[in-house]
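This is start_0.cif. It holds mmCIF, C-alpha atoms.
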data_input
#
loop_
_atom_site.label_atom_id
_atom_site.label_comp_id
_atom_site.auth_asym_id
_atom_site.auth_seq_id
_atom_site.Cartn_x
_atom_site.Cartn_y
_atom_site.Cartn_z
CA MET A 1 11.68 -28.43 -8.80
CA GLU A 2 14.15 -27.33 -11.49
CA PRO A 3 13.24 -24.23 -13.56
CA GLU A 4 12.78 -26.32 -16.71
CA GLY A 5 10.39 -28.63 -14.85
CA SER A 6 8.34 -25.71 -13.57
CA THR A 7 8.10 -24.31 -17.07
CA LYS A 8 6.85 -27.66 -18.41
CA VAL A 9 4.24 -27.90 -15.66
CA LEU A 10 2.84 -24.50 -16.59
CA ALA A 11 2.94 -25.32 -20.29
CA LEU A 12 1.05 -28.58 -19.72
CA ASN A 13 -1.67 -26.84 -17.72
CA LYS A 14 -4.47 -26.46 -20.25
CA ALA A 15 -6.96 -24.67 -18.02
CA PRO A 16 -8.42 -21.74 -19.99
CA VAL A 17 -8.28 -19.47 -16.92
CA LEU A 18 -5.57 -19.49 -14.25
CA ARG A 19 -7.29 -18.08 -11.19
CA ASP A 20 -4.31 -17.71 -8.80
CA PHE A 21 -0.58 -17.60 -9.47
CA CYS A 22 1.95 -17.06 -6.66
CA LEU A 23 5.65 -16.85 -7.44
CA THR A 24 8.21 -16.57 -4.63
CA CYS A 25 11.92 -16.46 -5.43
CA HIS A 26 14.42 -15.76 -2.65
CA SER A 27 17.45 -17.42 -4.20
CA GLY A 28 19.49 -17.36 -7.37
CA CYS A 29 17.17 -17.76 -10.34
CA ASP A 30 17.45 -16.85 -13.99
CA PRO A 31 15.30 -13.73 -14.66
CA LEU A 32 14.38 -15.24 -18.04
CA HIS A 33 12.74 -18.19 -16.30
CA LEU A 34 10.82 -15.83 -14.00
CA GLU A 35 9.66 -13.78 -16.97
CA THR A 36 8.52 -16.92 -18.81
CA TRP A 37 6.45 -18.11 -15.83
CA ILE A 38 4.86 -14.70 -15.29
CA LEU A 39 3.96 -14.19 -18.95
CA THR A 40 2.59 -17.73 -19.14
CA ALA A 41 0.27 -16.91 -16.23
CA ILE A 42 -0.83 -13.71 -17.97
CA ALA A 43 -1.51 -15.63 -21.18
CA ARG A 44 -3.81 -17.89 -19.14
CA ASP A 45 -5.89 -14.88 -18.03
CA VAL A 46 -4.64 -14.93 -14.44
CA GLN A 47 -6.95 -13.20 -11.97
CA GLN A 48 -4.85 -13.09 -8.78
CA LEU A 49 -1.11 -12.58 -9.17
CA GLN A 50 1.41 -12.44 -6.33
CA LEU A 51 5.14 -11.90 -7.00
CA ASP A 52 7.78 -11.88 -4.25
CA ILE A 53 11.22 -11.79 -5.85
CA CYS A 54 14.73 -11.35 -4.42
CA LEU A 55 17.17 -12.51 -7.08
CA ASP A 56 20.13 -12.46 -4.68
CA GLY A 57 18.12 -14.01 -1.87
CA PHE A 58 19.41 -11.49 0.66
CA ILE A 59 17.14 -9.36 2.83
CA LYS A 60 18.64 -7.21 5.58
CA ASP A 61 16.54 -5.40 8.18
CA GLU A 62 13.42 -6.51 6.26
CA PHE A 63 14.52 -4.66 3.12
CA TYR A 64 16.03 -6.10 -0.05
CA ARG A 65 19.16 -4.43 -1.46
CA GLY A 66 20.30 -6.80 -4.20
CA GLU A 67 19.83 -7.17 -7.94
CA LEU A 68 16.39 -6.15 -9.17
CA PHE A 69 13.98 -8.10 -11.32
CA VAL A 70 12.54 -5.71 -13.91
CA LEU A 71 8.95 -6.40 -14.90
CA PRO A 72 8.76 -6.80 -18.69
CA GLN A 73 6.71 -4.26 -20.62
CA SER A 74 4.37 -7.01 -21.79
CA PHE A 75 3.44 -7.54 -18.13
CA PHE A 76 1.36 -4.37 -18.32
CA SER A 77 -0.84 -5.80 -21.09
CA CYS A 78 -2.68 -8.07 -18.64
CA LYS A 79 -6.41 -7.43 -18.94
CA THR A 80 -7.71 -9.97 -16.45
CA VAL A 81 -5.77 -9.50 -13.20
CA VAL A 82 -8.07 -8.44 -10.34
CA ILE A 83 -5.62 -8.69 -7.42
CA LEU A 84 -1.96 -7.79 -7.90
CA GLU A 85 0.61 -8.05 -5.12
CA LEU A 86 4.28 -7.10 -5.65
CA TRP A 87 6.98 -7.56 -3.01
CA ASN A 88 10.66 -6.72 -2.50
CA GLY A 89 13.22 -6.72 -5.33
CA ILE A 90 10.89 -5.92 -8.20
CA ALA A 91 11.49 -2.87 -10.39
CA VAL A 92 8.27 -1.37 -11.77
CA ASP A 93 8.56 0.88 -14.81
CA PRO A 94 5.18 1.00 -16.63
CA PRO A 95 4.85 2.23 -20.22
CA SER A 96 3.59 5.75 -20.77
CA SER A 97 0.18 4.45 -21.78
CA PHE A 98 -1.37 1.22 -20.49
CA GLU A 99 -4.35 -0.01 -18.49
CA PHE A 100 -5.19 -2.77 -16.04
CA PRO A 101 -8.95 -2.67 -16.76
CA SER A 102 -9.88 -5.34 -14.17
CA LEU A 103 -7.50 -4.49 -11.32
CA LYS A 104 -9.37 -3.77 -8.08
CA ASP A 105 -6.80 -4.65 -5.41
CA LEU A 106 -3.18 -3.41 -5.63
CA ARG A 107 -0.55 -4.10 -2.96
CA LEU A 108 2.95 -2.62 -3.30
CA VAL A 109 5.35 -3.65 -0.54
CA HIS A 110 8.97 -2.41 -0.66
CA VAL A 111 9.14 -2.54 -4.46
CA PHE A 112 11.40 -0.26 -6.51
CA PHE A 113 10.51 2.49 -8.97
CA PRO A 114 13.11 4.33 -11.09
CA ASN A 115 11.39 7.65 -10.38
CA GLY A 116 8.17 9.28 -9.23
CA ASP A 117 6.67 9.24 -12.72
CA CYS A 118 6.57 5.46 -12.63
CA VAL A 119 4.17 5.16 -9.72
CA GLN A 120 2.02 7.95 -11.15
CA ARG A 121 1.81 6.06 -14.45
CA LEU A 122 1.01 2.84 -12.60
CA LEU A 123 -1.85 4.30 -10.58
CA SER A 124 -3.19 6.19 -13.60
CA GLY A 125 -3.50 2.85 -15.40
CA CYS A 126 -5.84 1.40 -12.76
CA PRO A 127 -9.30 2.85 -13.55
CA VAL A 128 -11.37 0.55 -11.30
CA LEU A 129 -9.02 0.32 -8.31
CA GLN A 130 -10.86 -0.27 -5.02
CA ASP A 131 -8.21 -1.42 -2.53
CA LEU A 132 -4.72 0.07 -2.33
CA LYS A 133 -1.87 -0.88 -0.01
CA LEU A 134 1.34 1.18 -0.09
CA CYS A 135 4.42 0.29 1.90
CA SER A 136 7.73 1.84 0.87
CA ASP A 137 11.07 2.37 2.56
CA SER A 138 12.23 5.99 2.36
CA ARG A 139 15.45 5.69 4.34
CA SER A 140 18.46 7.42 2.84
CA GLY A 141 21.12 5.47 1.01
CA LEU A 142 18.75 3.18 -0.87
CA ILE A 143 18.02 3.26 -4.58
CA ARG A 144 14.40 2.70 -3.70
CA PHE A 145 11.59 4.86 -4.94
CA ASP A 146 10.74 7.49 -2.34
CA ILE A 147 6.97 7.83 -2.05
CA ARG A 148 7.44 11.45 -0.99
CA CYS A 149 8.09 12.26 -4.66
CA VAL A 150 4.66 11.21 -5.89
CA ASP A 151 2.53 14.06 -7.16
CA PHE A 152 -0.96 12.64 -6.66
CA GLY A 153 -2.40 15.83 -8.06
CA SER A 154 -1.07 14.80 -11.46
CA ILE A 155 -3.01 11.53 -11.36
CA TYR A 156 -6.53 11.75 -12.68
CA PRO A 157 -8.72 12.15 -9.56
CA SER A 158 -11.31 9.91 -11.19
CA ARG A 159 -8.81 7.03 -10.90
CA PHE A 160 -9.51 6.94 -7.17
CA LYS A 161 -13.28 7.29 -7.27
CA ASN A 162 -13.69 3.52 -6.82
CA LEU A 163 -11.16 3.23 -4.00
CA VAL A 164 -13.04 1.96 -0.94
CA ARG A 165 -10.18 0.62 1.20
CA LEU A 166 -6.76 2.16 1.86
CA ASN A 167 -4.09 0.38 3.90
CA PHE A 168 -1.29 2.93 4.31
CA THR A 169 2.10 2.42 5.96
CA LEU A 170 2.92 5.68 7.67
CA GLN A 171 6.56 6.73 7.81
CA LYS A 172 8.44 9.68 9.20
CA SER A 173 8.31 11.54 5.90
CA ASN A 174 5.08 10.63 4.13
CA TRP A 175 2.29 12.25 6.13
CA HIS A 176 1.57 14.58 3.22
CA VAL A 177 1.25 11.60 0.87
CA LEU A 178 -1.51 10.26 3.11
CA GLN A 179 -3.17 13.68 3.00
CA ALA A 180 -3.00 13.75 -0.80
CA LEU A 181 -4.47 10.26 -1.13
CA LEU A 182 -7.36 11.08 1.18
CA ARG A 183 -8.19 14.18 -0.87
CA VAL A 184 -8.59 12.18 -4.10
CA SER A 185 -10.52 9.24 -2.59
CA PRO A 186 -14.10 10.53 -2.20
CA ASN A 187 -15.68 7.10 -1.68
CA LEU A 188 -13.22 5.63 0.80
CA GLU A 189 -14.96 3.42 3.37
CA VAL A 190 -12.08 1.77 5.24
CA LEU A 191 -8.82 3.44 6.32
CA VAL A 192 -6.09 1.41 8.05
CA ILE A 193 -2.87 3.09 9.18
CA ASP A 194 0.24 1.06 10.04
CA LYS A 195 3.15 3.03 11.48
CA LEU A 196 6.78 2.33 10.53
CA TYR A 197 8.60 4.91 12.66
CA SER A 198 9.18 4.66 16.40
CA THR A 199 10.12 7.99 17.97
CA THR A 200 8.57 11.42 17.58
CA ASN A 201 11.86 13.11 16.76
CA GLN A 202 11.99 11.17 13.49
CA LEU A 203 8.97 12.99 12.10
CA CYS A 204 9.14 15.65 9.45
CA SER A 205 6.64 18.48 9.12
CA MET A 206 3.25 18.16 7.49
CA GLU A 207 0.48 20.48 6.50
CA PRO A 208 -2.14 20.73 9.25
CA PHE A 209 -5.43 18.92 8.78
CA ASP A 210 -7.60 21.99 8.70
CA GLY A 211 -11.07 22.29 7.19
CA PRO A 212 -13.15 19.74 5.26
CA GLY A 213 -11.95 17.79 2.25
CA TYR A 214 -9.59 15.17 3.64
CA VAL A 215 -12.15 12.63 4.84
CA SER A 216 -14.52 10.71 2.61
CA SER A 217 -18.19 11.17 3.44
CA GLN A 218 -18.44 7.37 3.14
CA LEU A 219 -15.78 6.48 5.73
CA THR A 220 -17.20 3.90 8.17
CA THR A 221 -14.10 2.12 9.52
CA PHE A 222 -10.86 3.63 10.82
CA ARG A 223 -7.91 1.88 12.44
CA PHE A 224 -4.56 3.31 13.61
CA ASN A 225 -1.91 0.73 14.57
CA GLN A 226 1.18 1.43 16.71
CA TYR A 227 -0.30 4.68 17.99
CA LYS A 228 1.94 6.49 20.50
CA GLY A 229 0.22 9.84 20.88
CA SER A 230 2.70 12.10 19.07
CA LYS A 231 1.55 15.56 18.07
CA TYR A 232 0.77 14.58 14.47
CA GLU A 233 -0.95 11.36 15.48
CA VAL A 234 -3.20 13.18 17.93
CA GLU A 235 -4.09 15.83 15.34
CA PHE A 236 -4.86 13.20 12.73
CA VAL A 237 -7.08 11.02 14.94
CA LYS A 238 -8.87 14.09 16.26
CA TYR A 239 -9.53 15.25 12.69
CA ILE A 240 -10.88 11.86 11.56
CA LEU A 241 -13.28 11.65 14.51
CA LYS A 242 -14.46 15.20 13.93
CA GLU A 243 -15.02 14.98 10.16
CA ALA A 244 -16.13 11.36 9.55
CA ARG A 245 -19.89 11.78 9.85
CA VAL A 246 -20.90 8.13 9.22
CA LEU A 247 -18.02 6.48 11.06
CA LYS A 248 -19.10 3.21 12.71
CA THR A 249 -15.87 1.95 14.29
CA ALA A 250 -12.60 3.64 15.23
CA THR A 251 -9.85 1.45 16.67
CA ILE A 252 -6.58 2.72 18.11
CA SER A 253 -3.92 0.12 18.79
CA VAL A 254 -1.15 0.85 21.33
CA CYS A 255 1.90 -1.09 22.51
CA ASP A 256 1.27 -1.43 26.26
CA THR A 257 -1.39 -1.21 28.94
CA ALA A 258 -0.02 1.94 30.58
CA LEU A 259 -0.27 3.84 27.30
CA LYS A 260 -3.73 2.45 26.71
CA GLU A 261 -5.10 4.12 29.84
CA SER A 262 -3.72 7.55 28.93
CA VAL A 263 -4.92 7.27 25.32
CA ILE A 264 -8.42 6.32 26.44
CA GLU A 265 -8.52 9.35 28.69
CA GLU A 266 -7.29 11.63 25.90
CA VAL A 267 -9.35 10.45 22.92
CA SER A 268 -12.54 10.31 24.96
CA THR A 269 -12.44 14.13 24.98
CA PHE A 270 -12.20 14.42 21.19
CA PRO A 271 -15.39 15.66 19.49
CA ARG A 272 -17.11 13.15 17.22
CA SER A 273 -19.48 13.88 14.35
CA SER A 274 -20.82 10.35 14.31
CA THR A 275 -23.02 9.66 17.33
CA THR A 276 -23.00 5.92 16.59
CA CYS A 277 -19.23 5.49 16.34
CA LEU A 278 -17.75 2.75 18.54
CA LEU A 279 -14.33 3.97 19.71
CA THR A 280 -11.93 1.27 20.96
CA VAL A 281 -8.40 1.46 22.33
CA GLU A 282 -6.60 -1.87 22.46
CA VAL A 283 -3.17 -3.27 23.26
CA GLN A 284 -1.52 -4.79 20.22
CA HIS A 285 0.25 -8.07 20.89
#
For the structure just supplied, provide its representation as structure tokens.
Amino acid sequence: MEPEGSTKVLALNKAPVLRDFCLTCHSGCDPLHLETWILTAIARDVQQLQLDICLDGFIKDEFYRGELFVLPQSFFSCKTVVILELWNGIAVDPPSSFEFPSLKDLRLVHVFFPNGDCVQRLLSGCPVLQDLKLCSDSRSGLIRFDIRCVDFGSIYPSRFKNLVRLNFTLQKSNWHVLQALLRVSPNLEVLVIDKLYSTTNQLCSMEPFDGPGYVSSQLTTFRFNQYKGSKYEVEFVKYILKEARVLKTATISVCDTALKESVIEEVSTFPRSSTTCLLTVEVQH
């Protein structure tokens, strides 16, 4: 459908509330048309909004490197969105003061931020956030926001009091970001770790998990995907099992059967605070 036709379709839709709006653009498209469609959805009190935009339509090695689509400032006036998902070539630069009062589920996958202040402003404007997914590329040479720069201590801790699920993409340089998020999420119930690095020599240093304070007293479900048994991974899993007192399930996913057997033997010796925790090691296909 031509851009003008899509605009007319949205304009003719008279529904008072637009529940879901999904916009995917992986080819040449006028940013003004994209902005018009997005703001039309917001004007219709959209509740679930998913944007996946690559203006140049070119993704290499799963990461977009082309022209960015900058979210308009009026985008941040949306009061009704409950689920917001942003992908790829989207530049996010929130105003200094704004609020998504209804946003409970936020998913940021390979989006761009001009600097660390932007993501801090974004998260500070989400007072009822419950589910957060962060996936960011921190490889050198990209003009992509580096999640290592986020100072979570500067975000009001109360902004994370409602966070019950965290899906975190672990990279070679963001272990301490995970630590900071866990510290400010006292009611976290579900923690899912997806790993983006492959070899142990890619890892940078992190502060040791030592003493209480990193694990929510409400944590019941823990999953670690692409586990390979590196020093930091072992320390982290050991800490979770030791400190999570109401943990019900802990799942460790590995890449092959041979590794599975050694991981089972190792983690079975880790002390566990929860006597009812079901610990599973599985091969990820």
Inset, instruction - Evaluate the PyMOL selection byres ((chain A and resi 73) around 10) and record the selected residues as a list in words, following the chain and residue labels used in the document. - result: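 Expected selection for the PyMOL selection byres ((chain A and resi 73) around 10) here is Val70, Leu71, Pro72, Ser74, Phe75, Phe76, Ser77, Val92, Asp93, Pro94, Pro95 and Phe98 of chain A.
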Residues as selected, C-alpha atoms, written as an mmCIF file, keeping the file's coordinate frame, can you do that?
data_model
loop_
_atom_site.group_PDB
_atom_site.id
_atom_site.type_symbol
_atom_site.label_atom_id
_atom_site.label_comp_id
_atom_site.auth_asym_id
_atom_site.auth_seq_id
_atom_site.Cartn_x
_atom_site.Cartn_y
_atom_site.Cartn_z
ATOM 1 C CA VAL A 70 12.540 -5.710 -13.910
ATOM 2 C CA LEU A 71 8.950 -6.400 -14.900
ATOM 3 C CA PRO A 72 8.760 -6.800 -18.690
ATOM 4 C CA SER A 74 4.370 -7.010 -21.790
ATOM 5 C CA PHE A 75 3.440 -7.540 -18.130
ATOM 6 C CA PHE A 76 1.360 -4.370 -18.320
ATOM 7 C CA SER A 77 -0.840 -5.800 -21.090
ATOM 8 C CA VAL A 92 8.270 -1.370 -11.770
ATOM 9 C CA ASP A 93 8.560 0.880 -14.810
ATOM 10 C CA PRO A 94 5.180 1.000 -16.630
ATOM 11 C CA PRO A 95 4.850 2.230 -20.220
ATOM 12 C CA PHE A 98 -1.370 1.220 -20.490
#
Exercise for review: Extract, using only C-alpha atoms, all DNA, RNA and protein residues at most 6 Å from Val82 of chain A, discarding same-chain residues fewer than 2 positions from it, and format them as a list in words.
Suggested key: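 Here the qualifying residues turn out to be Gln47, Gln48, Ser102, Leu103 and Lys104 of chain A.
Atom CA of Leu39 of chain A lies 21.6 Å from atom CA of Asp56 of chain A.
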So how many Å separate atom CA of Arg19 of chain A and atom CA of Pro101 of chain A, to one decimal?
->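 It comes out at 16.5 Å.
Within 9 Å of Gly28 of chain A, once only C-alpha atoms are used and residues closer than 3 positions along the same chain are dropped, the contacting residues are A:Cys25, A:Cys54, A:Leu55, A:Asp56, A:Gly57.
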